[in-house]
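Chemist: The file below is input-v1.cif, mmCIF, C-alpha atoms:
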data_model
loop_
_atom_site.group_PDB
_atom_site.id
_atom_site.type_symbol
_atom_site.label_atom_id
_atom_site.label_comp_id
_atom_site.auth_asym_id
_atom_site.auth_seq_id
_atom_site.Cartn_x
_atom_site.Cartn_y
_atom_site.Cartn_z
ATOM 1 C CA MET A 1 105.428 154.154 126.410
ATOM 2 C CA PRO A 2 108.090 153.916 123.677
ATOM 3 C CA GLY A 3 109.795 150.584 123.720
ATOM 4 C CA ASP A 4 106.863 148.752 125.294
ATOM 5 C CA GLY A 5 106.671 145.247 123.863
ATOM 6 C CA VAL A 6 110.167 145.309 122.388
ATOM 7 C CA PRO A 7 111.527 142.633 124.777
ATOM 8 C CA ALA A 8 108.536 140.429 123.988
ATOM 9 C CA VAL A 9 109.135 140.788 120.236
ATOM 10 C CA ALA A 10 112.827 140.021 120.666
ATOM 11 C CA SER A 11 111.975 137.008 122.817
ATOM 12 C CA GLN A 12 109.570 135.733 120.147
ATOM 13 C CA ARG A 13 112.257 136.060 117.497
ATOM 14 C CA VAL A 14 114.713 134.129 119.663
ATOM 15 C CA ARG A 15 112.148 131.358 120.154
ATOM 16 C CA GLU A 16 111.404 131.195 116.425
ATOM 17 C CA LYS A 17 115.117 131.067 115.586
ATOM 18 C CA ARG A 18 115.627 128.315 118.151
ATOM 19 C CA GLU A 19 112.707 126.301 116.723
ATOM 20 C CA ARG A 20 114.078 126.643 113.197
ATOM 21 C CA ARG A 21 117.493 125.468 114.301
ATOM 22 C CA ARG A 22 115.960 122.587 116.240
ATOM 23 C CA ALA A 23 114.016 121.505 113.135
ATOM 24 C CA GLU A 24 117.194 121.729 111.063
ATOM 25 C CA ILE A 25 118.972 119.435 113.529
ATOM 26 C CA LEU A 26 116.167 116.881 113.383
ATOM 27 C CA HIS A 27 116.165 116.855 109.587
ATOM 28 C CA ALA A 28 119.935 116.570 109.524
ATOM 29 C CA ALA A 29 119.710 113.631 111.908
ATOM 30 C CA LEU A 30 117.102 111.957 109.706
ATOM 31 C CA ARG A 31 119.366 112.261 106.683
ATOM 32 C CA ALA A 32 122.287 110.873 108.650
ATOM 33 C CA PHE A 33 120.202 107.987 110.003
ATOM 34 C CA ARG A 34 119.051 107.205 106.463
ATOM 35 C CA ASP A 35 122.536 107.342 104.981
ATOM 36 C CA LYS A 36 124.558 105.709 107.757
ATOM 37 C CA GLY A 37 122.028 103.907 109.964
ATOM 38 C CA TYR A 38 121.151 105.037 113.477
ATOM 39 C CA HIS A 39 123.794 103.043 115.326
ATOM 40 C CA ALA A 40 126.618 104.091 113.002
ATOM 41 C CA THR A 41 125.627 107.764 113.133
ATOM 42 C CA THR A 42 127.481 109.945 115.630
ATOM 43 C CA LEU A 43 126.697 113.397 116.974
ATOM 44 C CA ASP A 44 129.680 114.595 114.927
ATOM 45 C CA ASP A 45 127.924 113.290 111.811
ATOM 46 C CA ILE A 46 124.703 115.124 112.674
ATOM 47 C CA ALA A 47 126.597 118.322 113.432
ATOM 48 C CA GLU A 48 128.373 118.064 110.083
ATOM 49 C CA TYR A 49 125.085 117.558 108.228
ATOM 50 C CA VAL A 50 123.629 120.718 109.806
ATOM 51 C CA ASN A 51 126.936 122.662 109.660
ATOM 52 C CA LEU A 52 127.236 123.161 113.425
ATOM 53 C CA ARG A 53 129.822 122.361 116.038
ATOM 54 C CA LYS A 54 128.934 119.262 118.031
ATOM 55 C CA THR A 55 128.914 121.291 121.236
ATOM 56 C CA ALA A 56 126.119 123.435 119.766
ATOM 57 C CA LEU A 57 123.873 120.363 119.535
ATOM 58 C CA TYR A 58 123.861 120.062 123.310
ATOM 59 C CA HIS A 59 121.947 123.341 123.535
ATOM 60 C CA TYR A 60 119.042 121.509 121.895
ATOM 61 C CA PHE A 61 119.395 117.806 122.709
ATOM 62 C CA PRO A 62 121.356 116.014 125.442
ATOM 63 C CA ASP A 63 122.317 113.017 123.262
ATOM 64 C CA LYS A 64 121.626 111.070 120.076
ATOM 65 C CA GLU A 65 118.862 109.003 121.656
ATOM 66 C CA ALA A 66 116.959 112.187 122.545
ATOM 67 C CA ILE A 67 117.129 113.213 118.877
ATOM 68 C CA LEU A 68 115.814 109.818 117.768
ATOM 69 C CA TYR A 69 112.967 110.017 120.289
ATOM 70 C CA GLU A 70 111.969 113.487 119.139
ATOM 71 C CA CYS A 71 111.936 112.334 115.508
ATOM 72 C CA HIS A 72 109.588 109.515 116.522
ATOM 73 C CA ARG A 73 107.421 111.763 118.675
ATOM 74 C CA GLU A 74 106.905 114.424 116.014
ATOM 75 C CA SER A 75 106.218 111.966 113.201
ATOM 76 C CA LEU A 76 103.695 110.023 115.294
ATOM 77 C CA ALA A 77 101.952 113.255 116.288
ATOM 78 C CA GLU A 78 101.654 114.075 112.581
ATOM 79 C CA LEU A 79 100.201 110.630 111.856
ATOM 80 C CA ASP A 80 97.683 111.015 114.670
ATOM 81 C CA LYS A 81 96.592 114.317 113.151
ATOM 82 C CA LEU A 82 96.049 112.577 109.801
ATOM 83 C CA VAL A 83 93.433 110.293 111.314
ATOM 84 C CA ARG A 84 91.652 113.215 113.002
ATOM 85 C CA ASP A 85 91.677 115.234 109.781
ATOM 86 C CA ALA A 86 90.326 112.262 107.817
ATOM 87 C CA ARG A 87 87.349 111.961 110.176
ATOM 88 C CA LYS A 88 86.570 115.678 109.827
ATOM 89 C CA ARG A 89 87.081 116.071 106.081
ATOM 90 C CA PHE A 90 85.690 112.886 104.524
ATOM 91 C CA GLY A 91 82.374 111.113 104.823
ATOM 92 C CA SER A 92 83.196 107.641 103.558
ATOM 93 C CA ALA A 93 85.627 105.094 104.957
ATOM 94 C CA THR A 94 87.206 104.720 101.516
ATOM 95 C CA GLU A 95 88.000 108.434 101.278
ATOM 96 C CA ARG A 96 89.344 108.452 104.832
ATOM 97 C CA LEU A 97 91.608 105.470 104.270
ATOM 98 C CA VAL A 98 92.911 106.830 100.950
ATOM 99 C CA HIS A 99 93.727 110.120 102.669
ATOM 100 C CA VAL A 100 95.510 108.436 105.574
ATOM 101 C CA ILE A 101 97.577 106.163 103.318
ATOM 102 C CA ARG A 102 98.592 108.927 100.925
ATOM 103 C CA GLU A 103 99.538 111.254 103.764
ATOM 104 C CA HIS A 104 101.344 108.521 105.693
ATOM 105 C CA VAL A 105 103.473 107.895 102.606
ATOM 106 C CA ARG A 106 104.171 111.642 102.494
ATOM 107 C CA VAL A 107 105.317 111.560 106.121
ATOM 108 C CA MET A 108 107.612 108.646 105.322
ATOM 109 C CA THR A 109 109.123 110.259 102.233
ATOM 110 C CA ASP A 110 109.047 113.984 103.066
ATOM 111 C CA THR A 111 108.864 114.482 106.831
ATOM 112 C CA LEU A 112 111.101 111.510 107.625
ATOM 113 C CA GLU A 113 113.053 111.780 104.353
ATOM 114 C CA GLY A 114 112.968 108.010 103.908
ATOM 115 C CA SER A 115 114.650 107.394 107.265
ATOM 116 C CA PRO A 116 113.825 103.926 108.686
ATOM 117 C CA LEU A 117 112.732 105.122 112.138
ATOM 118 C CA ALA A 118 110.134 102.372 112.466
ATOM 119 C CA PHE A 119 112.978 99.856 112.643
ATOM 120 C CA GLU A 120 114.891 101.727 115.363
ATOM 121 C CA VAL A 121 112.384 101.658 118.237
ATOM 122 C CA THR A 122 114.518 99.195 120.184
ATOM 123 C CA ALA A 123 117.318 101.776 120.319
ATOM 124 C CA LEU A 124 115.200 103.949 122.615
ATOM 125 C CA SER A 125 115.397 103.963 126.409
ATOM 126 C CA PRO A 126 112.592 101.972 128.139
ATOM 127 C CA GLU A 127 110.608 105.119 128.971
ATOM 128 C CA HIS A 128 110.852 106.553 125.474
ATOM 129 C CA HIS A 129 110.263 103.125 123.929
ATOM 130 C CA ASP A 130 106.989 102.693 125.849
ATOM 131 C CA ASP A 131 105.864 106.208 124.912
ATOM 132 C CA VAL A 132 106.508 105.613 121.200
ATOM 133 C CA ILE A 133 104.797 102.213 121.239
ATOM 134 C CA ALA A 134 101.734 103.711 122.966
ATOM 135 C CA ALA A 135 101.509 106.486 120.344
ATOM 136 C CA ARG A 136 101.984 103.972 117.533
ATOM 137 C CA ASP A 137 99.232 101.774 118.962
ATOM 138 C CA ARG A 138 96.851 104.759 119.108
ATOM 139 C CA TYR A 139 97.482 105.444 115.443
ATOM 140 C CA GLU A 140 96.968 101.791 114.512
ATOM 141 C CA ARG A 141 93.645 101.751 116.386
ATOM 142 C CA GLY A 142 92.558 104.865 114.513
ATOM 143 C CA VAL A 143 93.277 103.260 111.140
ATOM 144 C CA ARG A 144 91.574 100.059 112.283
ATOM 145 C CA ARG A 145 88.426 102.000 113.160
ATOM 146 C CA ILE A 146 88.341 103.406 109.621
ATOM 147 C CA ILE A 147 88.514 99.886 108.194
ATOM 148 C CA GLN A 148 85.865 98.617 110.597
ATOM 149 C CA SER A 149 83.524 101.442 109.609
ATOM 150 C CA GLY A 150 84.091 100.576 105.952
ATOM 151 C CA ILE A 151 83.203 96.942 106.619
ATOM 152 C CA LYS A 152 80.067 98.031 108.469
ATOM 153 C CA SER A 153 79.005 100.377 105.661
ATOM 154 C CA GLY A 154 79.628 97.731 102.994
ATOM 155 C CA GLU A 155 82.450 99.652 101.320
ATOM 156 C CA PHE A 156 85.014 97.020 102.334
ATOM 157 C CA ARG A 157 84.692 93.266 102.328
ATOM 158 C CA THR A 158 84.700 91.428 105.637
ATOM 159 C CA VAL A 159 88.300 91.052 106.773
ATOM 160 C CA ASP A 160 90.203 90.925 110.035
ATOM 161 C CA SER A 161 90.753 94.657 110.560
ATOM 162 C CA LYS A 162 93.814 94.086 112.745
ATOM 163 C CA ILE A 163 95.573 92.036 110.072
ATOM 164 C CA ALA A 164 94.519 94.550 107.415
ATOM 165 C CA VAL A 165 96.103 97.384 109.404
ATOM 166 C CA PHE A 166 99.311 95.413 109.911
ATOM 167 C CA ALA A 167 99.477 94.721 106.163
ATOM 168 C CA ILE A 168 98.890 98.378 105.257
ATOM 169 C CA LEU A 169 101.301 99.863 107.791
ATOM 170 C CA GLY A 170 103.902 97.183 107.147
ATOM 171 C CA SER A 171 103.854 98.039 103.446
ATOM 172 C CA ILE A 172 104.217 101.747 104.111
ATOM 173 C CA ASN A 173 106.946 101.345 106.724
ATOM 174 C CA TRP A 174 108.942 99.178 104.320
ATOM 175 C CA ILE A 175 109.282 102.219 102.046
ATOM 176 C CA ALA A 176 112.193 103.255 104.266
ATOM 177 C CA ARG A 177 114.137 100.192 103.111
ATOM 178 C CA TRP A 178 114.243 101.244 99.465
ATOM 179 C CA TYR A 179 113.052 104.848 98.998
ATOM 180 C CA ARG A 180 115.579 107.557 98.165
ATOM 181 C CA PRO A 181 114.488 111.208 97.801
ATOM 182 C CA GLU A 182 116.838 111.655 94.845
ATOM 183 C CA GLY A 183 115.435 108.567 93.083
ATOM 184 C CA SER A 184 113.091 108.401 90.117
ATOM 185 C CA ILE A 185 109.963 107.701 92.198
ATOM 186 C CA HIS A 186 108.383 110.859 93.564
ATOM 187 C CA ALA A 187 106.406 111.105 96.790
ATOM 188 C CA PRO A 188 102.972 112.230 95.454
ATOM 189 C CA GLU A 189 102.850 109.496 92.824
ATOM 190 C CA LEU A 190 104.065 106.948 95.355
ATOM 191 C CA GLY A 191 101.298 107.871 97.793
ATOM 192 C CA ALA A 192 98.664 107.570 95.092
ATOM 193 C CA GLU A 193 99.988 104.161 94.004
ATOM 194 C CA PHE A 194 100.020 102.823 97.561
ATOM 195 C CA ALA A 195 96.491 104.081 98.211
ATOM 196 C CA ASP A 196 95.270 102.497 94.980
ATOM 197 C CA HIS A 197 96.758 99.084 95.756
ATOM 198 C CA LEU A 198 96.112 98.952 99.487
ATOM 199 C CA VAL A 199 92.565 100.303 99.489
ATOM 200 C CA GLY A 200 91.752 98.322 96.355
ATOM 201 C CA GLY A 201 92.575 95.137 98.232
ATOM 202 C CA LEU A 202 89.798 95.890 100.729
ATOM 203 C CA THR A 203 86.997 96.818 98.385
ATOM 204 C CA CYS A 204 84.168 94.403 97.834
ATOM 205 C CA GLY A 205 85.240 93.803 94.239
ATOM 206 C CA ALA A 206 88.730 92.623 95.219
ATOM 207 C CA MET A 207 89.767 89.088 94.311
ATOM 208 C CA GLN A 208 89.919 86.604 97.137
ATOM 209 C CA GLY A 209 91.437 83.227 97.951
ATOM 210 C CA GLU A 210 92.331 80.974 95.046
ATOM 211 C CA HIS A 211 91.014 83.493 92.556
ATOM 212 C CA ALA A 212 93.687 86.006 93.509
ATOM 213 C CA GLY A 213 96.994 86.110 91.707
ATOM 214 C CA GLY A 214 99.735 84.025 93.339
ATOM 215 C CA GLY A 215 103.424 84.482 93.736
ATOM 216 C CA THR A 216 105.606 86.772 95.811
ATOM 217 C CA PRO A 217 105.471 90.483 95.030
ATOM 218 C CA ALA A 218 108.702 92.011 93.849
ATOM 219 C CA ILE A 219 110.445 94.533 96.073
ATOM 220 C CA PRO A 220 110.551 97.832 94.177
ATOM 221 C CA ARG A 221 113.910 99.342 93.301
ATOM 222 C CA GLN A 222 114.825 102.888 92.450
ATOM 223 C CA GLU A 223 117.316 103.501 89.726
#
Please re-express this file's structure in structure tokens.
Modeler:
Amino acid sequence: MPGDGVPAVASQRVREKRERRRAEILHAALRAFRDKGYHATTLDDIAEYVNLRKTALYHYFPDKEAILYECHRESLAELDKLVRDARKRFGSATERLVHVIREHVRVMTDTLEGSPLAFEVTALSPEHHDDVIAARDRYERGVRRIIQSGIKSGEFRTVDSKIAVFAILGSINWIARWYRPEGSIHAPELGAEFADHLVGGLTCGAMQGEHAGGGTPAIPRQE
């Protein structure tokens, strides 16, 4: 009959429009968190960034903490997918780890727009905090398994895989402390540099102990 399916099409369009607006709110919140810090950011700030009235935000999120939680949840789901994709697409541990590091840097710089979410977990409610920590731990275990497989295959030297993961993820998370999207360092090149340095430190040809260069590494700055 004429008109059959029209309500369904209209409903789909409404859902798609709502999802686009929801994504815009999350990205606006990430920019505000980056620029002002989570605690200093208000719902008025987020509304201004996305060009909405504050009351309109309540149609999507009940409060600022719910926005922060959703930013965490979506980014961690993307990281989890990186590990799964690495297992499917690449045969060697080296290729898998390079892929995960490069893509994790992309998530930090593009998806999260340099927002320091990793440092704001304590701002979450106990329930949301536990959920985020559990998801983060799953991701860490996935990266650790890649390193362990590389040690077993002889691609990586024998190291404590847990410490190696902490060093890798700590380095990547620290990007949020200095990265600016408008800066001179661009995300693809940054991901390649991090993968080169971090994976290179695990390979069997890497320098060890007293033969390695000393000193404290400089914190990068963007001009």
Chemist: Fewer than 6 positions away in the same chain doesn't count, so skip those; otherwise give me all residues within 8 Å of stretch 71-83 of chain A, counting only C-alpha atoms, as a PyMOL selection string.
Modeler: chain A and resi 26+30+96+99-100+103-104+107+111-112+117+132+135-136+138-139+142-143
Chemist: Kindly give the distance, in Å, that separates atom CA of A:Tyr49 and atom CA of A:Ala28, rounded to a single decimal.
Modeler: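 Interatomic distance here is 5.4 Å.
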Chemist: Kindly give the distance, in Å, that separates atom CA of A:Ile133 and atom CA of A:Trp178, rounded to a single decimal.
Modeler: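 These two atoms are separated by 23.8 Å.
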Chemist: Pick out the closest residue to A:Glu70 from this set: A:Arg15, A:His128, A:Arg144, A:Arg177. Count all atoms listed in the file.
Modeler: A:His128
Chemist: For the atom pair atom CA of A:Ala56 and atom CA of A:Glu24, what is the interatomic distance in Å to one decimal place?
Modeler: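 Between atom CA of A:Ala56 and atom CA of A:Glu24 the gap works out to 12.6 Å.
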Chemist: Which is closer to A:Arg20 than all the others in A:Thr122, A:Ala86, A:Val50, A:Val159, using all atoms listed in the file?
Modeler: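 Smallest separation from A:Arg20 among the options: A:Val50.
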Chemist: For A:Leu43, work out the shell of residues within 9 Å, counting all atoms listed in the file and skipping chain neighbours fewer than 6 positions away, then give it as a ChimeraX atom specification.
Modeler: /A:29,54,57,63-64
Chemist: Got a sec to resolve the PyMOL selection byres ((chain A and resi 167) around 12) on this structure and send the residues as number ranges by chain?
Modeler: A: 101, 140, 143-144, 159-166, 168-174, 194, 197-199, 201-202
